[in-house]
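Okay, structure first, notes after.
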Amino acid sequence: MRLLHNPRCSKSREALALLSARGDVIEVIEYLKTPLSAPELGALFDALGVEPPAAMRFQDDLAKSLGLAATDPRSRDEWIALLCAHPALLERPIAIKHGRAVIGRPPQRVLEL
């Protein structure tokens with residue numbers, strides 16, 4: 001399992017602890033240090049079964065400062081380019097396993113995989 005993780009986020013830390021307690025082998029990806037590429041983000045949204053705005057942090061100060069809203073008329077590629085430039089806008093944590101992914105909100109959702 002891969003976990004897109006932000007160690008500063010309590011929900012992300014909780015999800016990691018839940019998975020670790022089960023003894024799962026986890027590849028932790030600190031996506032702020034190692035941002036995902038556009039193709040990786042495209043594959044992530046496919047695995048989540050959502051379009052980019054559904055996995056973005058619009059209540060974050062960064063989104064507000066950029067004037068972003070989920071209803072903005074952007075193409076999928078434009079949203080992905082925005083996330084490449086500002087990876088902090090990606091919701092967290094996100095667990096990925098066998099081509100499926102879930103957003104860990106609440107953290108217990110990561111156990112669905």
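Going through the structure tokens in order, the chains are called A, B, and so on, while each chain numbers its residues from 1 and the ligands are numbered from 1 in the order shown.
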Applying 10 Å and only C-alpha atoms, which residues near range 66-68 of chain A remain after dropping the ones on its own chain fewer than 5 positions away? List them as a tab-separated table (two decimals) with N, CA and C atoms, in the first residue's frame.
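Contents of part-v6.tsv, freshly written:
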```
chain	number	residue	atom	x	y	z
A	53	PRO	N	-11.19	18.38	-8.46
A	53	PRO	CA	-11.76	19.23	-7.40
A	53	PRO	C	-12.30	18.44	-6.19
A	57	ARG	N	-8.28	20.74	-1.30
A	57	ARG	CA	-8.52	21.44	-0.04
A	57	ARG	C	-8.90	22.90	-0.32
A	58	PHE	N	-10.14	23.14	-0.63
A	58	PHE	CA	-10.58	24.49	-0.97
A	58	PHE	C	-10.71	25.39	0.25
A	59	GLN	N	-10.78	24.82	1.45
A	59	GLN	CA	-10.85	25.63	2.66
A	59	GLN	C	-9.47	26.06	3.14
A	60	ASP	N	-8.42	25.54	2.51
A	60	ASP	CA	-7.05	25.87	2.85
A	60	ASP	C	-6.77	27.34	2.51
A	61	ASP	N	-5.92	27.97	3.32
A	61	ASP	CA	-5.58	29.38	3.07
A	61	ASP	C	-4.96	29.58	1.69
```
Can you pull out the residues contacting Arg2 in chain A? Cut-off 10 Å, using only C-alpha atoms, and skip same-chain residues under 5 positions away; I want them as a PyMOL selection string. chain A and resi 25-29+94-98+101
Go ahead and dump the residues you just picked, all heavy atoms, as a PDB file, in the first residue's frame.
```
ATOM      1  N   VAL A  25       2.445  -3.373   4.991  1.00  0.00           N
ATOM      2  CA  VAL A  25       3.649  -2.785   4.425  1.00  0.00           C
ATOM      3  C   VAL A  25       3.210  -1.515   3.712  1.00  0.00           C
ATOM      4  O   VAL A  25       2.366  -1.554   2.820  1.00  0.00           O
ATOM      5  CB  VAL A  25       4.340  -3.756   3.443  1.00  0.00           C
ATOM      6  CG1 VAL A  25       5.532  -3.085   2.785  1.00  0.00           C
ATOM      7  CG2 VAL A  25       4.747  -5.033   4.164  1.00  0.00           C
ATOM      8  N   ILE A  26       3.777  -0.404   4.143  1.00  0.00           N
ATOM      9  CA  ILE A  26       3.324   0.892   3.644  1.00  0.00           C
ATOM     10  C   ILE A  26       4.495   1.648   3.035  1.00  0.00           C
ATOM     11  O   ILE A  26       5.529   1.819   3.676  1.00  0.00           O
ATOM     12  CB  ILE A  26       2.734   1.741   4.788  1.00  0.00           C
ATOM     13  CG1 ILE A  26       1.668   0.944   5.535  1.00  0.00           C
ATOM     14  CG2 ILE A  26       2.176   3.057   4.252  1.00  0.00           C
ATOM     15  CD1 ILE A  26       1.478   1.401   6.948  1.00  0.00           C
ATOM     16  N   GLU A  27       4.289   2.095   1.811  1.00  0.00           N
ATOM     17  CA  GLU A  27       5.237   3.010   1.188  1.00  0.00           C
ATOM     18  C   GLU A  27       4.705   4.412   1.454  1.00  0.00           C
ATOM     19  O   GLU A  27       3.665   4.803   0.915  1.00  0.00           O
ATOM     20  CB  GLU A  27       5.339   2.756  -0.317  1.00  0.00           C
ATOM     21  CG  GLU A  27       6.259   3.726  -1.018  1.00  0.00           C
ATOM     22  CD  GLU A  27       6.202   3.602  -2.537  1.00  0.00           C
ATOM     23  OE1 GLU A  27       5.502   2.711  -3.060  1.00  0.00           O
ATOM     24  OE2 GLU A  27       6.854   4.427  -3.198  1.00  0.00           O
ATOM     25  N   VAL A  28       5.386   5.132   2.313  1.00  0.00           N
ATOM     26  CA  VAL A  28       4.959   6.481   2.675  1.00  0.00           C
ATOM     27  C   VAL A  28       5.551   7.470   1.682  1.00  0.00           C
ATOM     28  O   VAL A  28       6.757   7.494   1.467  1.00  0.00           O
ATOM     29  CB  VAL A  28       5.400   6.827   4.112  1.00  0.00           C
ATOM     30  CG1 VAL A  28       5.043   8.276   4.449  1.00  0.00           C
ATOM     31  CG2 VAL A  28       4.766   5.864   5.110  1.00  0.00           C
ATOM     32  N   ILE A  29       4.669   8.255   1.086  1.00  0.00           N
ATOM     33  CA  ILE A  29       5.088   9.266   0.126  1.00  0.00           C
ATOM     34  C   ILE A  29       4.740  10.632   0.701  1.00  0.00           C
ATOM     35  O   ILE A  29       3.561  10.974   0.830  1.00  0.00           O
ATOM     36  CB  ILE A  29       4.394   9.069  -1.236  1.00  0.00           C
ATOM     37  CG1 ILE A  29       4.736   7.692  -1.788  1.00  0.00           C
ATOM     38  CG2 ILE A  29       4.763  10.190  -2.209  1.00  0.00           C
ATOM     39  CD1 ILE A  29       3.849   7.243  -2.904  1.00  0.00           C
ATOM     40  N   ILE A  94      -4.149  10.052   1.420  1.00  0.00           N
ATOM     41  CA  ILE A  94      -4.748   9.226   0.377  1.00  0.00           C
ATOM     42  C   ILE A  94      -4.005   7.901   0.366  1.00  0.00           C
ATOM     43  O   ILE A  94      -2.781   7.867   0.263  1.00  0.00           O
ATOM     44  CB  ILE A  94      -4.686   9.887  -1.012  1.00  0.00           C
ATOM     45  CG1 ILE A  94      -5.477  11.200  -1.022  1.00  0.00           C
ATOM     46  CG2 ILE A  94      -5.222   8.933  -2.091  1.00  0.00           C
ATOM     47  CD1 ILE A  94      -5.404  11.986  -2.325  1.00  0.00           C
ATOM     48  N   ALA A  95      -4.754   6.812   0.502  1.00  0.00           N
ATOM     49  CA  ALA A  95      -4.178   5.472   0.454  1.00  0.00           C
ATOM     50  C   ALA A  95      -4.451   4.873  -0.920  1.00  0.00           C
ATOM     51  O   ALA A  95      -5.534   5.061  -1.487  1.00  0.00           O
ATOM     52  CB  ALA A  95      -4.789   4.588   1.537  1.00  0.00           C
ATOM     53  N   ILE A  96      -3.457   4.144  -1.437  1.00  0.00           N
ATOM     54  CA  ILE A  96      -3.546   3.561  -2.785  1.00  0.00           C
ATOM     55  C   ILE A  96      -3.104   2.101  -2.693  1.00  0.00           C
ATOM     56  O   ILE A  96      -2.050   1.802  -2.117  1.00  0.00           O
ATOM     57  CB  ILE A  96      -2.622   4.308  -3.768  1.00  0.00           C
ATOM     58  CG1 ILE A  96      -2.894   5.812  -3.720  1.00  0.00           C
ATOM     59  CG2 ILE A  96      -2.758   3.749  -5.182  1.00  0.00           C
ATOM     60  CD1 ILE A  96      -1.728   6.657  -4.165  1.00  0.00           C
ATOM     61  N   LYS A  97      -3.916   1.219  -3.282  1.00  0.00           N
ATOM     62  CA  LYS A  97      -3.569  -0.208  -3.281  1.00  0.00           C
ATOM     63  C   LYS A  97      -4.279  -0.892  -4.444  1.00  0.00           C
ATOM     64  O   LYS A  97      -5.493  -0.741  -4.595  1.00  0.00           O
ATOM     65  CB  LYS A  97      -3.992  -0.846  -1.956  1.00  0.00           C
ATOM     66  CG  LYS A  97      -3.573  -2.298  -1.802  1.00  0.00           C
ATOM     67  CD  LYS A  97      -3.946  -2.798  -0.415  1.00  0.00           C
ATOM     68  CE  LYS A  97      -3.509  -4.224  -0.210  1.00  0.00           C
ATOM     69  NZ  LYS A  97      -3.844  -4.709   1.135  1.00  0.00           N
ATOM     70  N   HIS A  98      -3.523  -1.632  -5.231  1.00  0.00           N
ATOM     71  CA  HIS A  98      -4.059  -2.435  -6.339  1.00  0.00           C
ATOM     72  C   HIS A  98      -4.978  -1.628  -7.265  1.00  0.00           C
ATOM     73  O   HIS A  98      -6.068  -2.079  -7.632  1.00  0.00           O
ATOM     74  CB  HIS A  98      -4.808  -3.660  -5.813  1.00  0.00           C
ATOM     75  CG  HIS A  98      -3.976  -4.572  -4.975  1.00  0.00           C
ATOM     76  ND1 HIS A  98      -2.789  -5.118  -5.406  1.00  0.00           N
ATOM     77  CD2 HIS A  98      -4.160  -5.026  -3.713  1.00  0.00           C
ATOM     78  CE1 HIS A  98      -2.276  -5.873  -4.459  1.00  0.00           C
ATOM     79  NE2 HIS A  98      -3.078  -5.826  -3.406  1.00  0.00           N
ATOM     80  N   ALA A 101      -7.990   3.690  -4.734  1.00  0.00           N
ATOM     81  CA  ALA A 101      -7.524   4.687  -3.771  1.00  0.00           C
ATOM     82  C   ALA A 101      -8.710   5.231  -2.986  1.00  0.00           C
ATOM     83  O   ALA A 101      -9.847   5.215  -3.466  1.00  0.00           O
ATOM     84  CB  ALA A 101      -6.802   5.817  -4.494  1.00  0.00           C
TER      85      ALA A 101
END
```
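Nearest to Leu4 in chain A of all the residues A:Glu112, A:Glu78, A:Glu30, A:Asp72 is A:Glu30, based on only C-alpha atoms.
With distances restricted to only C-alpha atoms, A:Ala38 is the closest residue to Leu82 in chain A from A:Ala38, A:Val50, A:Lys11, A:Leu3.
Remark: for Cys9 in chain A, the closest of the candidate residues A:Gly23, A:Arg100, A:Pro93, A:Pro73 is A:Pro93 (distances computed over only C-alpha atoms).
Distance-wise, CA of Val102 in chain A and CA of Leu36 in chain A end up 16.3 Å apart.
In the backbone-derived DSSP annotation, helix (DSSP H, G or I) within range 29-79 of chain A comprises Ala38, Pro39, Glu40, Leu41, Gly42, Ala43, Leu44, Phe45, Asp46, Ala47, Leu48, Pro52, Pro53, Ala54, Ala55, Asp61, Leu62, Ala63, Lys64, Ser65, Arg76, Asp77, Glu78 and Trp79 of chain A.
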Pick out the residues sitting within 12 Å of Leu62 in chain A, and hand them over as a PyMOL selection string; count only C-alpha atoms, and ignore anything fewer than 6 positions along from it in its own chain. chain A and resi 56+68-69+82-83+85-90
Restricted to all heavy atoms, what would the selected residues look like written as an mmCIF file, in the first residue's frame?
```cif
data_model
loop_
_atom_site.group_PDB
_atom_site.id
_atom_site.type_symbol
_atom_site.label_atom_id
_atom_site.label_comp_id
_atom_site.auth_asym_id
_atom_site.auth_seq_id
_atom_site.Cartn_x
_atom_site.Cartn_y
_atom_site.Cartn_z
ATOM 1 N N MET A 56 -9.503 18.112 -3.437
ATOM 2 C CA MET A 56 -8.710 19.312 -3.171
ATOM 3 C C MET A 56 -9.195 20.005 -1.909
ATOM 4 O O MET A 56 -10.350 19.900 -1.520
ATOM 5 C CB MET A 56 -8.782 20.270 -4.369
ATOM 6 C CG MET A 56 -8.063 19.721 -5.577
ATOM 7 S SD MET A 56 -8.168 20.789 -7.026
ATOM 8 C CE MET A 56 -7.268 22.226 -6.468
ATOM 9 N N LEU A 68 -9.532 30.134 -5.484
ATOM 10 C CA LEU A 68 -10.049 28.902 -6.081
ATOM 11 C C LEU A 68 -11.390 28.480 -5.487
ATOM 12 O O LEU A 68 -11.630 28.661 -4.296
ATOM 13 C CB LEU A 68 -9.050 27.755 -5.875
ATOM 14 C CG LEU A 68 -7.676 27.931 -6.499
ATOM 15 C CD1 LEU A 68 -6.778 26.772 -6.112
ATOM 16 C CD2 LEU A 68 -7.788 28.053 -8.009
ATOM 17 N N ALA A 69 -12.200 27.895 -6.324
ATOM 18 C CA ALA A 69 -13.466 27.306 -5.902
ATOM 19 C C ALA A 69 -13.677 26.028 -6.710
ATOM 20 O O ALA A 69 -13.245 25.930 -7.865
ATOM 21 C CB ALA A 69 -14.621 28.270 -6.139
ATOM 22 N N LEU A 82 -2.479 22.759 -11.786
ATOM 23 C CA LEU A 82 -2.552 23.561 -10.568
ATOM 24 C C LEU A 82 -2.038 22.761 -9.373
ATOM 25 O O LEU A 82 -1.280 23.279 -8.541
ATOM 26 C CB LEU A 82 -3.991 24.018 -10.344
ATOM 27 C CG LEU A 82 -4.237 24.937 -9.168
ATOM 28 C CD1 LEU A 82 -3.584 26.290 -9.400
ATOM 29 C CD2 LEU A 82 -5.721 25.110 -8.945
ATOM 30 N N LEU A 83 -2.415 21.483 -9.292
ATOM 31 C CA LEU A 83 -1.937 20.633 -8.201
ATOM 32 C C LEU A 83 -0.445 20.341 -8.315
ATOM 33 O O LEU A 83 0.236 20.192 -7.294
ATOM 34 C CB LEU A 83 -2.742 19.335 -8.142
ATOM 35 C CG LEU A 83 -4.133 19.494 -7.541
ATOM 36 C CD1 LEU A 83 -4.983 18.263 -7.836
ATOM 37 C CD2 LEU A 83 -4.044 19.738 -6.045
ATOM 38 N N ALA A 85 1.702 22.474 -9.381
ATOM 39 C CA ALA A 85 2.326 23.709 -8.917
ATOM 40 C C ALA A 85 2.122 23.932 -7.413
ATOM 41 O O ALA A 85 2.950 24.562 -6.761
ATOM 42 C CB ALA A 85 1.769 24.899 -9.699
ATOM 43 N N HIS A 86 1.021 23.400 -6.881
ATOM 44 C CA HIS A 86 0.663 23.621 -5.474
ATOM 45 C C HIS A 86 0.205 22.301 -4.838
ATOM 46 O O HIS A 86 -0.986 22.118 -4.563
ATOM 47 C CB HIS A 86 -0.454 24.656 -5.361
ATOM 48 C CG HIS A 86 -0.144 25.963 -5.991
ATOM 49 N ND1 HIS A 86 0.709 26.888 -5.422
ATOM 50 C CD2 HIS A 86 -0.546 26.494 -7.168
ATOM 51 C CE1 HIS A 86 0.797 27.943 -6.202
ATOM 52 N NE2 HIS A 86 0.052 27.729 -7.279
ATOM 53 N N PRO A 87 1.126 21.376 -4.588
ATOM 54 C CA PRO A 87 0.718 20.066 -4.056
ATOM 55 C C PRO A 87 0.024 20.142 -2.698
ATOM 56 O O PRO A 87 -0.721 19.226 -2.336
ATOM 57 C CB PRO A 87 2.025 19.278 -3.988
ATOM 58 C CG PRO A 87 3.111 20.276 -4.056
ATOM 59 C CD PRO A 87 2.570 21.456 -4.798
ATOM 60 N N ALA A 88 0.201 21.220 -1.960
ATOM 61 C CA ALA A 88 -0.464 21.349 -0.661
ATOM 62 C C ALA A 88 -1.979 21.411 -0.796
ATOM 63 O O ALA A 88 -2.693 21.196 0.184
ATOM 64 C CB ALA A 88 0.048 22.595 0.065
ATOM 65 N N LEU A 89 -2.478 21.658 -2.002
ATOM 66 C CA LEU A 89 -3.925 21.706 -2.212
ATOM 67 C C LEU A 89 -4.555 20.320 -2.291
ATOM 68 O O LEU A 89 -5.785 20.201 -2.249
ATOM 69 C CB LEU A 89 -4.246 22.478 -3.494
ATOM 70 C CG LEU A 89 -3.933 23.963 -3.459
ATOM 71 C CD1 LEU A 89 -4.131 24.567 -4.842
ATOM 72 C CD2 LEU A 89 -4.794 24.667 -2.424
ATOM 73 N N LEU A 90 -3.744 19.278 -2.385
ATOM 74 C CA LEU A 90 -4.265 17.910 -2.467
ATOM 75 C C LEU A 90 -4.743 17.468 -1.096
ATOM 76 O O LEU A 90 -4.051 17.645 -0.092
ATOM 77 C CB LEU A 90 -3.184 16.963 -2.980
ATOM 78 C CG LEU A 90 -3.599 15.527 -3.265
ATOM 79 C CD1 LEU A 90 -4.642 15.472 -4.381
ATOM 80 C CD2 LEU A 90 -2.373 14.714 -3.660
#
```
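The environment of Gly42 in chain A within 10 Å, counting only C-alpha atoms and disregarding residues fewer than 6 places along the same chain, consists of Leu36, Leu48, Glu51, Pro52, Arg76, Asp77 and Ile80 of chain A.
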From range 45-103 of chain A, collect each residue whose DSSP state is strand (DSSP E or B) and return the set as an MDAnalysis selection string. chainID A and resid 56 90 94:97 100:103
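Closest approach to Pro106 in chain A among A:Pro7, A:Pro35, A:Met1, A:Leu18 is made by A:Leu18 (distances from only C-alpha atoms).
Interatomic distance, CA of Arg74 in chain A against CA of Leu32 in chain A: 23.1 Å.
Shortest separation to Trp79 in chain A among A:Phe45, A:Glu14, A:Tyr31, A:Arg109 occurs at residue A:Phe45, atoms counted being only C-alpha atoms.
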Using only C-alpha atoms, the shortest atom-to-atom distance to Leu41 in chain A among A:Cys84, A:Leu113, A:His5, A:Leu16 belongs to A:Cys84
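Straight-line separation from CA of Pro39 in chain A to CA of Ser20 in chain A: 28.2 Å.
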